[in-house]
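K.L.:
Sharing target_32.pdb below, PDB, C-alpha atoms, pLDDT in the B column:
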ATOM      1  CA  MET G 131     -18.686 -36.338  65.940  1.00 63.00           C
ATOM      2  CA  PRO G 132     -19.217 -39.791  64.423  1.00 68.00           C
ATOM      3  CA  LYS G 133     -17.508 -40.385  61.070  1.00 69.00           C
ATOM      4  CA  GLN G 134     -20.796 -41.125  59.252  1.00 72.00           C
ATOM      5  CA  MET G 135     -22.326 -37.843  60.438  1.00 70.00           C
ATOM      6  CA  LYS G 136     -19.205 -35.903  59.456  1.00 70.00           C
ATOM      7  CA  GLN G 137     -19.339 -37.390  55.925  1.00 71.00           C
ATOM      8  CA  GLU G 138     -23.014 -36.512  55.604  1.00 75.00           C
ATOM      9  CA  LEU G 139     -22.339 -32.891  56.603  1.00 72.00           C
ATOM     10  CA  ARG G 140     -19.460 -32.699  54.136  1.00 74.00           C
ATOM     11  CA  HIS G 141     -21.668 -33.840  51.266  1.00 77.00           C
ATOM     12  CA  LEU G 142     -24.534 -31.609  52.361  1.00 85.00           C
ATOM     13  CA  TYR G 143     -22.264 -28.554  52.000  1.00 90.00           C
ATOM     14  CA  LEU G 144     -20.246 -29.544  48.915  1.00 91.00           C
ATOM     15  CA  LYS G 145     -21.192 -26.461  46.874  1.00 93.00           C
ATOM     16  CA  ARG G 146     -20.760 -24.032  49.752  1.00 95.00           C
ATOM     17  CA  ASN G 147     -17.261 -25.383  50.491  1.00 96.00           C
ATOM     18  CA  LEU G 148     -16.374 -25.075  46.827  1.00 97.00           C
ATOM     19  CA  TRP G 149     -17.713 -21.519  46.396  1.00 97.00           C
ATOM     20  CA  SER G 150     -16.130 -20.319  49.616  1.00 98.00           C
ATOM     21  CA  GLY G 151     -12.774 -21.619  48.394  1.00 98.00           C
ATOM     22  CA  VAL G 152     -13.237 -20.209  44.897  1.00 98.00           C
ATOM     23  CA  LEU G 153     -14.023 -16.734  46.254  1.00 98.00           C
ATOM     24  CA  VAL G 154     -11.039 -16.815  48.606  1.00 98.00           C
ATOM     25  CA  GLY G 155      -8.860 -18.083  45.734  1.00 98.00           C
ATOM     26  CA  VAL G 156      -9.956 -15.227  43.478  1.00 97.00           C
ATOM     27  CA  GLY G 157      -9.242 -12.810  46.316  1.00 97.00           C
ATOM     28  CA  ILE G 158      -5.771 -14.267  46.899  1.00 97.00           C
ATOM     29  CA  ALA G 159      -4.887 -14.123  43.198  1.00 95.00           C
ATOM     30  CA  ALA G 160      -6.180 -10.546  42.919  1.00 93.00           C
ATOM     31  CA  PHE G 161      -4.277  -9.535  46.068  1.00 94.00           C
ATOM     32  CA  LEU G 162      -0.993 -11.046  44.883  1.00 94.00           C
ATOM     33  CA  ASP G 163      -1.397  -9.535  41.409  1.00 89.00           C
ATOM     34  CA  GLU G 164      -2.200  -6.119  42.862  1.00 89.00           C
ATOM     35  CA  VAL G 165       0.563  -6.048  45.460  1.00 89.00           C
ATOM     36  CA  LEU G 166       3.351  -7.698  43.465  1.00 89.00           C
ATOM     37  CA  PHE G 167       2.805  -6.577  39.879  1.00 85.00           C
ATOM     38  CA  HIS G 168       0.870  -3.342  40.311  1.00 79.00           C
ATOM     39  CA  GLN G 169       2.449  -1.836  43.435  1.00 84.00           C
ATOM     40  CA  LEU G 170       5.859  -3.325  44.253  1.00 85.00           C
ATOM     41  CA  LEU G 171       7.214  -4.121  40.782  1.00 84.00           C
ATOM     42  CA  GLN G 172       5.016  -1.507  39.035  1.00 83.00           C
ATOM     43  CA  TRP G 173       4.947  -3.574  35.848  1.00 79.00           C
ATOM     44  CA  HIS G 174       1.404  -2.563  34.967  1.00 76.00           C
ATOM     45  CA  HIS G 175      -1.919  -1.214  36.233  1.00 75.00           C
ATOM     46  CA  PHE G 176      -5.290  -2.851  35.889  1.00 78.00           C
ATOM     47  CA  TYR G 177      -6.086  -0.488  33.014  1.00 76.00           C
ATOM     48  CA  ASP G 178      -3.080   0.889  31.120  1.00 72.00           C
ATOM     49  CA  LYS G 179      -4.805   2.497  28.113  1.00 75.00           C
ATOM     50  CA  LEU G 180      -5.018   6.068  29.454  1.00 76.00           C
ATOM     51  CA  THR G 181      -3.088   8.103  32.023  1.00 80.00           C
ATOM     52  CA  ARG G 182      -1.175   6.896  35.057  1.00 81.00           C
ATOM     53  CA  THR G 183      -3.869   8.450  37.269  1.00 84.00           C
ATOM     54  CA  ILE G 184      -6.573   6.374  35.569  1.00 84.00           C
ATOM     55  CA  GLY G 185      -4.326   3.330  35.989  1.00 78.00           C
ATOM     56  CA  ILE G 186      -4.039   3.945  39.735  1.00 85.00           C
ATOM     57  CA  ILE G 187      -7.798   4.505  40.057  1.00 86.00           C
ATOM     58  CA  SER G 188      -8.423   1.263  38.168  1.00 82.00           C
ATOM     59  CA  ASP G 189      -6.018  -0.489  40.575  1.00 84.00           C
ATOM     60  CA  GLY G 190      -8.118   0.750  43.487  1.00 86.00           C
ATOM     61  CA  ILE G 191     -11.298  -0.626  41.944  1.00 89.00           C
ATOM     62  CA  PHE G 192      -9.527  -3.919  41.211  1.00 86.00           C
ATOM     63  CA  HIS G 193      -8.268  -4.076  44.807  1.00 89.00           C
ATOM     64  CA  ALA G 194     -11.808  -3.493  46.105  1.00 93.00           C
ATOM     65  CA  PHE G 195     -13.065  -6.358  43.898  1.00 94.00           C
ATOM     66  CA  GLY G 196     -10.419  -8.711  45.307  1.00 94.00           C
ATOM     67  CA  TRP G 197     -11.200  -7.637  48.861  1.00 96.00           C
ATOM     68  CA  PHE G 198     -14.936  -8.187  48.287  1.00 97.00           C
ATOM     69  CA  ALA G 199     -14.290 -11.708  46.949  1.00 97.00           C
ATOM     70  CA  SER G 200     -12.063 -12.563  49.931  1.00 97.00           C
ATOM     71  CA  VAL G 201     -14.500 -11.250  52.539  1.00 98.00           C
ATOM     72  CA  SER G 202     -17.445 -13.010  50.876  1.00 98.00           C
ATOM     73  CA  GLY G 203     -15.535 -16.285  50.834  1.00 98.00           C
ATOM     74  CA  MET G 204     -14.558 -15.881  54.481  1.00 98.00           C
ATOM     75  CA  PHE G 205     -18.181 -15.243  55.494  1.00 98.00           C
ATOM     76  CA  LEU G 206     -19.144 -18.483  53.762  1.00 97.00           C
ATOM     77  CA  LEU G 207     -16.265 -20.210  55.562  1.00 97.00           C
ATOM     78  CA  ALA G 208     -17.466 -18.924  58.947  1.00 97.00           C
ATOM     79  CA  ASP G 209     -20.965 -20.200  58.168  1.00 96.00           C
ATOM     80  CA  LEU G 210     -19.575 -23.598  57.184  1.00 95.00           C
ATOM     81  CA  LYS G 211     -17.547 -23.833  60.372  1.00 94.00           C
ATOM     82  CA  SER G 212     -20.559 -22.912  62.520  1.00 94.00           C
ATOM     83  CA  ARG G 213     -22.580 -25.683  60.828  1.00 91.00           C
ATOM     84  CA  ARG G 214     -19.659 -28.128  61.119  1.00 90.00           C
ATOM     85  CA  GLY G 215     -19.750 -28.546  57.352  1.00 91.00           C
ATOM     86  CA  TRP G 216     -16.276 -27.247  56.480  1.00 93.00           C
ATOM     87  CA  TRP G 217     -14.160 -29.651  54.428  1.00 93.00           C
ATOM     88  CA  GLY G 218     -10.549 -28.530  54.212  1.00 95.00           C
ATOM     89  CA  LYS G 219      -9.553 -30.522  51.121  1.00 95.00           C
ATOM     90  CA  ARG G 220     -12.558 -29.373  49.109  1.00 96.00           C
ATOM     91  CA  TRP G 221     -12.056 -25.794  50.265  1.00 97.00           C
ATOM     92  CA  LEU G 222      -8.380 -25.923  49.237  1.00 98.00           C
ATOM     93  CA  GLY G 223      -9.461 -27.326  45.865  1.00 98.00           C
ATOM     94  CA  GLY G 224     -11.777 -24.340  45.502  1.00 98.00           C
ATOM     95  CA  ILE G 225      -8.939 -21.937  46.376  1.00 98.00           C
ATOM     96  CA  LEU G 226      -6.660 -23.487  43.753  1.00 98.00           C
ATOM     97  CA  LEU G 227      -9.446 -23.558  41.178  1.00 98.00           C
ATOM     98  CA  GLY G 228     -10.474 -19.949  41.886  1.00 98.00           C
ATOM     99  CA  SER G 229      -6.977 -18.505  41.869  1.00 98.00           C
ATOM    100  CA  GLY G 230      -5.974 -20.456  38.765  1.00 98.00           C
ATOM    101  CA  ALA G 231      -9.155 -19.577  36.866  1.00 97.00           C
ATOM    102  CA  PHE G 232      -8.762 -15.913  37.767  1.00 95.00           C
ATOM    103  CA  GLN G 233      -5.128 -15.923  36.644  1.00 95.00           C
ATOM    104  CA  LEU G 234      -5.993 -17.736  33.402  1.00 96.00           C
ATOM    105  CA  TYR G 235      -8.805 -15.247  32.714  1.00 94.00           C
ATOM    106  CA  ASP G 236      -6.416 -12.376  33.397  1.00 91.00           C
ATOM    107  CA  GLY G 237      -3.678 -13.836  31.207  1.00 90.00           C
ATOM    108  CA  THR G 238      -5.889 -14.672  28.243  1.00 93.00           C
ATOM    109  CA  ILE G 239      -8.911 -12.364  28.214  1.00 91.00           C
ATOM    110  CA  GLN G 240      -7.490  -9.209  29.791  1.00 87.00           C
ATOM    111  CA  HIS G 241      -3.909  -9.454  28.492  1.00 84.00           C
ATOM    112  CA  LYS G 242      -4.434 -10.815  24.996  1.00 87.00           C
ATOM    113  CA  TRP G 243      -8.047 -10.390  23.920  1.00 91.00           C
ATOM    114  CA  MET G 244      -9.041  -7.087  25.574  1.00 86.00           C
ATOM    115  CA  ARG G 245      -5.447  -5.796  25.769  1.00 85.00           C
ATOM    116  CA  ILE G 246      -6.187  -3.636  28.804  1.00 83.00           C
ATOM    117  CA  HIS G 247      -2.696  -4.361  30.149  1.00 79.00           C
ATOM    118  CA  GLN G 248       0.250  -6.713  29.727  1.00 83.00           C
ATOM    119  CA  ILE G 249       2.103  -8.568  32.453  1.00 80.00           C
ATOM    120  CA  ARG G 250       5.171  -6.488  31.746  1.00 79.00           C
ATOM    121  CA  TYR G 251       5.999  -4.083  28.982  1.00 81.00           C
ATOM    122  CA  VAL G 252       9.128  -5.635  27.512  1.00 83.00           C
ATOM    123  CA  GLU G 253      10.208  -6.711  24.038  1.00 88.00           C
ATOM    124  CA  ASN G 254       9.610 -10.436  24.523  1.00 87.00           C
ATOM    125  CA  VAL G 255       6.407 -10.486  26.597  1.00 87.00           C
ATOM    126  CA  TYR G 256       5.514 -13.992  25.412  1.00 90.00           C
ATOM    127  CA  ILE G 257       7.882 -15.617  27.918  1.00 93.00           C
ATOM    128  CA  TYR G 258       5.956 -13.874  30.710  1.00 91.00           C
ATOM    129  CA  ASP G 259       2.649 -14.913  29.125  1.00 92.00           C
ATOM    130  CA  ILE G 260       3.678 -18.562  28.893  1.00 94.00           C
ATOM    131  CA  VAL G 261       4.872 -18.718  32.504  1.00 94.00           C
ATOM    132  CA  TRP G 262       1.803 -16.814  33.754  1.00 93.00           C
ATOM    133  CA  ASN G 263      -0.682 -19.035  31.944  1.00 95.00           C
ATOM    134  CA  ALA G 264       1.223 -22.273  32.666  1.00 97.00           C
ATOM    135  CA  ILE G 265       1.062 -21.535  36.404  1.00 97.00           C
ATOM    136  CA  ALA G 266      -2.654 -20.750  36.027  1.00 97.00           C
ATOM    137  CA  ILE G 267      -3.315 -24.036  34.216  1.00 98.00           C
ATOM    138  CA  LEU G 268      -1.377 -25.976  36.859  1.00 98.00           C
ATOM    139  CA  LEU G 269      -3.458 -24.346  39.621  1.00 98.00           C
ATOM    140  CA  VAL G 270      -6.701 -25.132  37.774  1.00 98.00           C
ATOM    141  CA  ILE G 271      -5.709 -28.771  37.244  1.00 98.00           C
ATOM    142  CA  CYS G 272      -4.672 -29.274  40.888  1.00 98.00           C
ATOM    143  CA  GLY G 273      -7.847 -27.590  42.087  1.00 98.00           C
ATOM    144  CA  ALA G 274     -10.055 -29.575  39.716  1.00 97.00           C
ATOM    145  CA  VAL G 275      -8.499 -32.863  40.887  1.00 97.00           C
ATOM    146  CA  LEU G 276      -9.145 -32.006  44.540  1.00 96.00           C
ATOM    147  CA  VAL G 277     -12.699 -30.866  43.814  1.00 96.00           C
ATOM    148  CA  TYR G 278     -13.400 -34.028  41.802  1.00 95.00           C
ATOM    149  CA  ARG G 279     -11.977 -36.317  44.492  1.00 94.00           C
ATOM    150  CA  THR G 280     -13.930 -34.639  47.266  1.00 92.00           C
ATOM    151  CA  GLY G 281     -17.126 -34.766  45.219  1.00 89.00           C
ATOM    152  CA  GLN G 282     -17.137 -38.541  45.143  1.00 75.00           C
ATOM    153  CA  ARG G 283     -19.350 -40.271  47.711  1.00 62.00           C
ATOM    154  CA  ARG G 284     -17.435 -42.924  49.553  1.00 56.00           C
ATOM    155  CA  GLN G 285     -19.330 -45.750  51.194  1.00 44.00           C
ATOM    156  CA  PRO G 286     -18.230 -46.539  54.759  1.00 45.00           C
TER     157      PRO G 286
END
Show this structure as structure tokens.
P.N.:
Amino acid sequence: MPKQMKQELRHLYLKRNLWSGVLVGVGIAAFLDEVLFHQLLQWHHFYDKLTRTIGIISDGIFHAFGWFASVSGMFLLADLKSRRGWWGKRWLGGILLGSGAFQLYDGTIQHKWMRIHQIRYVENVYIYDIVWNAIAILLVICGAVLVYRTGQRRQP
């Protein structure tokens, strides 16, 4: 495919590449959170306010949400590939942006504002909060830089 045509297809599908990546990124972040912190380490459940059974049920609903986001993003990816409009750098930017935004939302809104769970129930939870949110901010910044750079039209 000629370079000019490839660039035109990339810019035609800018939003779709971004949203596909964002959905996959949210799914990845949800999957890692669920598997590592909810199941393997058992530091918390999605909703820790009631019984352990409710916590496990809430984990199942959370897992379904993450799976839905991942599958939706992958369907968009398949569509992009079939149209030859997939742009790897922009898609990766979307993944970083989606996973970082999800993690930042989780660390600020769910952990601190809504208080539906903490990262870990220990005396000095703030160290965990700082690390959690710092990683989220780093992911958002890296993703935003990639998305910005791939959104610029370059003249041949």
K.L.:
Have a look at atom CA of His175 of chain G and atom CA of Gln248 of chain G and let me know their distance in Å, one decimal.
P.N.:
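One can read the atom CA of His175 of chain G to atom CA of Gln248 of chain G distance as 8.8 Å.
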K.L.:
Using all atoms listed in the file for the distances, tell me which of G:Trp216, G:Tyr143, G:Phe176, G:Tyr235 is nearest to Ile191 of chain G.
P.N.:
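With all atoms listed in the file as the atom set, the closest residue is G:Phe176.
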K.L.:
To one decimal place in Å, what is the distance between atom CA of Gly223 of chain G and atom CA of Ser188 of chain G?
P.N.:
29.6 Å
K.L.:
What would the selection look like, as a ChimeraX atom specification, if the PyMOL selection byres ((chain G and resi 273) around 8) were run on the coordinates I just shared?
P.N.:
/G:222-227,269-272,274-277
K.L.:
Taking the file as shown, find all residues satisfying the PyMOL selection byres ((chain G and resi 151) around 9) and write them as a PyMOL selection string.
P.N.:
chain G and resi 146-150+152-156+203-204+206-207+220-228
K.L.:
With C-alpha atoms retained, write the just-selected residues as a CSV table (one decimal), in the frame of the given file.
P.N.:
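The resulting file, again-v7.csv, is reproduced below:
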chain,number,residue,atom,x,y,z
G,146,ARG,CA,-20.8,-24.0,49.8
G,147,ASN,CA,-17.3,-25.4,50.5
G,148,LEU,CA,-16.4,-25.1,46.8
G,149,TRP,CA,-17.7,-21.5,46.4
G,150,SER,CA,-16.1,-20.3,49.6
G,152,VAL,CA,-13.2,-20.2,44.9
G,153,LEU,CA,-14.0,-16.7,46.3
G,154,VAL,CA,-11.0,-16.8,48.6
G,155,GLY,CA,-8.9,-18.1,45.7
G,156,VAL,CA,-10.0,-15.2,43.5
G,203,GLY,CA,-15.5,-16.3,50.8
G,204,MET,CA,-14.6,-15.9,54.5
G,206,LEU,CA,-19.1,-18.5,53.8
G,207,LEU,CA,-16.3,-20.2,55.6
G,220,ARG,CA,-12.6,-29.4,49.1
G,221,TRP,CA,-12.1,-25.8,50.3
G,222,LEU,CA,-8.4,-25.9,49.2
G,223,GLY,CA,-9.5,-27.3,45.9
G,224,GLY,CA,-11.8,-24.3,45.5
G,225,ILE,CA,-8.9,-21.9,46.4
G,226,LEU,CA,-6.7,-23.5,43.8
G,227,LEU,CA,-9.4,-23.6,41.2
G,228,GLY,CA,-10.5,-19.9,41.9
K.L.:
If you apply the PyMOL selection byres ((chain G and resi 157) around 8) to this file, what residues do you get, as a list in words?
P.N.:
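Output of the PyMOL selection byres ((chain G and resi 157) around 8): Leu153, Val154, Gly155, Val156, Ile158, Ala159, Ala160, Phe161, Phe195, Gly196, Trp197, Phe198, Ala199, Ser200 and Ser229 of chain G.
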K.L.:
For atom CA of Gln282 of chain G and atom CA of Leu234 of chain G, quote the distance in Å rounded to one decimal.
P.N.:
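Separation between atom CA of Gln282 of chain G and atom CA of Leu234 of chain G: 26.4 Å.
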